[in-house]
Amino acid sequence: MQQPKPRILVGKPGLDGHDRGAKVIARALRDSGMEVIYTGLRQTPSMIVNAAMQEDVDAVGLSILSGAHLTLVQRVMDLMAENEMLDIPVFVGGIIPDDDISQLQEMGVTAVFGPGSSLEEISRFIWEIVDSG
């Protein structure tokens with residue numbers, strides 16, 4: 001019996017209008033054998049968490065280039081906690097200052113991928129966290 005494909009939601013919270021990176025990640029994850037749900041631009045944290053619930057995803061990826069990553073991720077994590085979804089790994093990509101990575105991890109973010117992260121590294125990491133969960 002074939003193992004089901006992991007379902008990964010990729011979201012763009014906030015007003016950031018740059019989604020090329022999110023689309024590249026979504027395609028790379030799909031090409032590595034995952035089912036990917038891309039929510040599109042300008043999603044609220046509530047919209048992302050609701051989509052994650054409705055789609056019964058195995059992981060949530062957030063792409064943020066606007067500089068509002070601490071606020072947006074905190075709201076996503078709060079909503080996930082309210083909906084008893086903290087068992088779902090969250091990974092973040094974008095322009096994230098090194099000084100903010102530890103704060104994101106303290107919020108519950110599993111991994112942070114910045115510029116220069118390879119698509120293979122990201123795909124491999126997502127497969128590992130989904131397989132271990």
# chains A, B, ... in the order shown; residues from 1 in each chain; ligands from 1

$ residues_around --residues "Val49 (chain A)" --least-positions-apart "4" --cutoff "8 Å" --atoms "only C-alpha atoms" --output "VMD selection string"
chain A and resid 45 53 76 79 to 80

$ residues_around --residues "Arg124 (chain A)" --least-positions-apart "4" --cutoff "12 Å" --atoms "only C-alpha atoms" --output "PyMOL selection string"
chain A and resi 28-29+31-34+117-120+128-131

$ write_last_selection --atoms "N, CA, C and O atoms" --output "PDB file, in the first residue's frame"
ATOM      1  N   ALA A  28       8.582  23.175  -5.793  1.00  0.00           N
ATOM      2  CA  ALA A  28       9.643  22.236  -5.389  1.00  0.00           C
ATOM      3  C   ALA A  28       9.079  21.144  -4.476  1.00  0.00           C
ATOM      4  O   ALA A  28       9.434  19.968  -4.619  1.00  0.00           O
ATOM      5  N   LEU A  29       8.218  21.534  -3.545  1.00  0.00           N
ATOM      6  CA  LEU A  29       7.616  20.535  -2.656  1.00  0.00           C
ATOM      7  C   LEU A  29       6.713  19.593  -3.448  1.00  0.00           C
ATOM      8  O   LEU A  29       6.720  18.377  -3.228  1.00  0.00           O
ATOM      9  N   ASP A  31       7.048  18.866  -6.626  1.00  0.00           N
ATOM     10  CA  ASP A  31       7.913  18.031  -7.451  1.00  0.00           C
ATOM     11  C   ASP A  31       8.610  16.941  -6.640  1.00  0.00           C
ATOM     12  O   ASP A  31       9.018  15.924  -7.192  1.00  0.00           O
ATOM     13  N   SER A  32       8.733  17.142  -5.325  1.00  0.00           N
ATOM     14  CA  SER A  32       9.353  16.117  -4.478  1.00  0.00           C
ATOM     15  C   SER A  32       8.326  15.093  -3.985  1.00  0.00           C
ATOM     16  O   SER A  32       8.657  14.210  -3.209  1.00  0.00           O
ATOM     17  N   GLY A  33       7.076  15.227  -4.436  1.00  0.00           N
ATOM     18  CA  GLY A  33       6.071  14.217  -4.119  1.00  0.00           C
ATOM     19  C   GLY A  33       5.024  14.624  -3.110  1.00  0.00           C
ATOM     20  O   GLY A  33       4.212  13.798  -2.690  1.00  0.00           O
ATOM     21  N   MET A  34       5.018  15.880  -2.710  1.00  0.00           N
ATOM     22  CA  MET A  34       4.036  16.340  -1.733  1.00  0.00           C
ATOM     23  C   MET A  34       2.836  16.962  -2.440  1.00  0.00           C
ATOM     24  O   MET A  34       2.935  17.413  -3.568  1.00  0.00           O
ATOM     25  N   SER A 117      18.845  29.233   0.905  1.00  0.00           N
ATOM     26  CA  SER A 117      18.449  27.867   1.262  1.00  0.00           C
ATOM     27  C   SER A 117      18.139  27.115  -0.028  1.00  0.00           C
ATOM     28  O   SER A 117      17.450  27.629  -0.899  1.00  0.00           O
ATOM     29  N   SER A 118      18.658  25.900  -0.130  1.00  0.00           N
ATOM     30  CA  SER A 118      18.413  25.150  -1.363  1.00  0.00           C
ATOM     31  C   SER A 118      17.040  24.486  -1.326  1.00  0.00           C
ATOM     32  O   SER A 118      16.525  24.132  -0.257  1.00  0.00           O
ATOM     33  N   LEU A 119      16.463  24.329  -2.484  1.00  0.00           N
ATOM     34  CA  LEU A 119      15.161  23.671  -2.590  1.00  0.00           C
ATOM     35  C   LEU A 119      15.247  22.229  -2.093  1.00  0.00           C
ATOM     36  O   LEU A 119      14.317  21.731  -1.447  1.00  0.00           O
ATOM     37  N   GLU A 120      16.367  21.574  -2.360  1.00  0.00           N
ATOM     38  CA  GLU A 120      16.556  20.198  -1.895  1.00  0.00           C
ATOM     39  C   GLU A 120      16.588  20.147  -0.373  1.00  0.00           C
ATOM     40  O   GLU A 120      15.998  19.252   0.243  1.00  0.00           O
ATOM     41  N   GLU A 128      11.319  14.991   6.313  1.00  0.00           N
ATOM     42  CA  GLU A 128      11.742  14.466   7.627  1.00  0.00           C
ATOM     43  C   GLU A 128      10.746  14.806   8.722  1.00  0.00           C
ATOM     44  O   GLU A 128      10.402  13.949   9.528  1.00  0.00           O
ATOM     45  N   ILE A 129      10.273  16.059   8.774  1.00  0.00           N
ATOM     46  CA  ILE A 129       9.368  16.415   9.858  1.00  0.00           C
ATOM     47  C   ILE A 129       8.001  15.764   9.690  1.00  0.00           C
ATOM     48  O   ILE A 129       7.350  15.429  10.673  1.00  0.00           O
ATOM     49  N   VAL A 130       7.584  15.572   8.455  1.00  0.00           N
ATOM     50  CA  VAL A 130       6.295  14.918   8.217  1.00  0.00           C
ATOM     51  C   VAL A 130       6.397  13.433   8.531  1.00  0.00           C
ATOM     52  O   VAL A 130       5.516  12.856   9.159  1.00  0.00           O
ATOM     53  N   ASP A 131       7.513  12.800   8.124  1.00  0.00           N
ATOM     54  CA  ASP A 131       7.700  11.374   8.401  1.00  0.00           C
ATOM     55  C   ASP A 131       7.857  11.074   9.883  1.00  0.00           C
ATOM     56  O   ASP A 131       7.416  10.042  10.365  1.00  0.00           O
TER      57      ASP A 131
END

$ select_by_dssp --residues "chain A" --states "strand (DSSP E or B)" --output "MDAnalysis selection string"
chainID A and resid 7:11 13 35:38 43 59:64 90:94 111:113

$ select_by_dssp --residues "region 4-123 of chain A" --states "helix (DSSP H, G or I)" --output "PyMOL selection string"
chain A and resi 20-31+45-55+69-82+98-107+119-123

$ closest_residue --among "A:Gly14, A:Asn83, A:Ile88, A:Ser123" --to "Ala26 (chain A)" --atoms "only C-alpha atoms"
A:Ser123

$ residues_around --residues "Ile95 (chain A)" --least-positions-apart "2" --cutoff "8 Å" --atoms "only C-alpha atoms" --output "list of chain:residue names"
A:Ile64, A:Leu65, A:Ser66, A:Gly67, A:Gly93, A:Pro97, A:Gly114, A:Pro115

$ residues_around --residues "region 100-107 of chain A" --least-positions-apart "5" --cutoff "10 Å" --atoms "only C-alpha atoms" --output "number ranges by chain"
A: 69-71, 73-78, 90-92, 112-113

$ atom_distance --atom1 "CA of Asp58 (chain A)" --atom2 "CA of Val24 (chain A)"
19.2 Å

$ atom_distance --atom1 "CA of Asp56 (chain A)" --atom2 "CA of Val10 (chain A)"
13.0 Å

$ decode --residues "region 11-44 of chain A" --atoms "N, CA and C atoms" --output "compact mmCIF listing (two decimals), in the first residue's frame"
# COMPACT_ATOMS: atom_id res chain seq x y z
N GLY A 11 1.47 29.60 2.68
CA GLY A 11 0.70 30.83 2.78
C GLY A 11 1.55 32.08 2.75
N LYS A 12 0.95 33.16 2.28
CA LYS A 12 1.59 34.48 2.25
C LYS A 12 0.78 35.41 3.13
N PRO A 13 1.09 35.46 4.43
CA PRO A 13 0.33 36.34 5.32
C PRO A 13 0.73 37.80 5.16
N GLY A 14 -0.22 38.67 5.41
CA GLY A 14 0.08 40.10 5.40
C GLY A 14 -0.08 40.73 4.04
N LEU A 15 0.44 41.94 3.94
CA LEU A 15 0.25 42.74 2.74
C LEU A 15 1.36 42.59 1.71
N ASP A 16 2.32 41.74 1.98
CA ASP A 16 3.43 41.50 1.08
C ASP A 16 2.90 41.00 -0.27
N GLY A 17 3.28 41.66 -1.33
CA GLY A 17 2.79 41.29 -2.66
C GLY A 17 3.77 40.49 -3.48
N HIS A 18 4.84 40.02 -2.88
CA HIS A 18 5.88 39.28 -3.61
C HIS A 18 5.71 37.79 -3.34
N ASP A 19 5.28 37.04 -4.35
CA ASP A 19 5.03 35.62 -4.11
C ASP A 19 5.87 34.68 -4.95
N ARG A 20 6.86 35.20 -5.63
CA ARG A 20 7.68 34.33 -6.47
C ARG A 20 8.34 33.22 -5.65
N GLY A 21 8.92 33.58 -4.50
CA GLY A 21 9.58 32.58 -3.66
C GLY A 21 8.60 31.53 -3.16
N ALA A 22 7.42 31.95 -2.76
CA ALA A 22 6.41 31.00 -2.28
C ALA A 22 6.02 30.04 -3.39
N LYS A 23 5.88 30.55 -4.60
CA LYS A 23 5.52 29.69 -5.73
C LYS A 23 6.64 28.72 -6.06
N VAL A 24 7.89 29.17 -5.96
CA VAL A 24 9.03 28.29 -6.22
C VAL A 24 9.07 27.17 -5.18
N ILE A 25 8.85 27.51 -3.91
CA ILE A 25 8.84 26.50 -2.85
C ILE A 25 7.68 25.54 -3.05
N ALA A 26 6.50 26.07 -3.36
CA ALA A 26 5.34 25.21 -3.58
C ALA A 26 5.61 24.21 -4.70
N ARG A 27 6.20 24.69 -5.77
CA ARG A 27 6.50 23.79 -6.90
C ARG A 27 7.55 22.75 -6.52
N ALA A 28 8.58 23.18 -5.79
CA ALA A 28 9.64 22.24 -5.39
C ALA A 28 9.08 21.14 -4.48
N LEU A 29 8.22 21.53 -3.55
CA LEU A 29 7.62 20.54 -2.66
C LEU A 29 6.71 19.59 -3.45
N ARG A 30 5.94 20.15 -4.37
CA ARG A 30 5.10 19.30 -5.22
C ARG A 30 5.95 18.34 -6.04
N ASP A 31 7.05 18.87 -6.63
CA ASP A 31 7.91 18.03 -7.45
C ASP A 31 8.61 16.94 -6.64
N SER A 32 8.73 17.14 -5.33
CA SER A 32 9.35 16.12 -4.48
C SER A 32 8.33 15.09 -3.99
N GLY A 33 7.08 15.23 -4.44
CA GLY A 33 6.07 14.22 -4.12
C GLY A 33 5.02 14.62 -3.11
N MET A 34 5.02 15.88 -2.71
CA MET A 34 4.04 16.34 -1.73
C MET A 34 2.84 16.96 -2.44
N GLU A 35 1.71 16.97 -1.75
CA GLU A 35 0.54 17.70 -2.22
C GLU A 35 0.62 19.07 -1.59
N VAL A 36 0.55 20.12 -2.40
CA VAL A 36 0.74 21.48 -1.90
C VAL A 36 -0.51 22.32 -2.15
N ILE A 37 -0.93 23.01 -1.12
CA ILE A 37 -2.03 23.95 -1.21
C ILE A 37 -1.42 25.34 -1.04
N TYR A 38 -1.49 26.16 -2.08
CA TYR A 38 -0.96 27.53 -2.01
C TYR A 38 -2.14 28.48 -1.86
N THR A 39 -2.15 29.26 -0.79
CA THR A 39 -3.30 30.11 -0.48
C THR A 39 -3.32 31.42 -1.27
N GLY A 40 -2.22 31.80 -1.87
CA GLY A 40 -2.19 33.06 -2.62
C GLY A 40 -1.76 34.23 -1.75
N LEU A 41 -1.75 35.39 -2.36
CA LEU A 41 -1.28 36.61 -1.72
C LEU A 41 -2.25 37.19 -0.70
N ARG A 42 -1.68 37.98 0.19
CA ARG A 42 -2.43 38.84 1.12
C ARG A 42 -3.47 38.10 1.96
N GLN A 43 -3.03 37.03 2.56
CA GLN A 43 -3.90 36.23 3.42
C GLN A 43 -3.75 36.71 4.87
N THR A 44 -4.83 36.69 5.60
CA THR A 44 -4.75 36.99 7.02
C THR A 44 -4.31 35.73 7.74
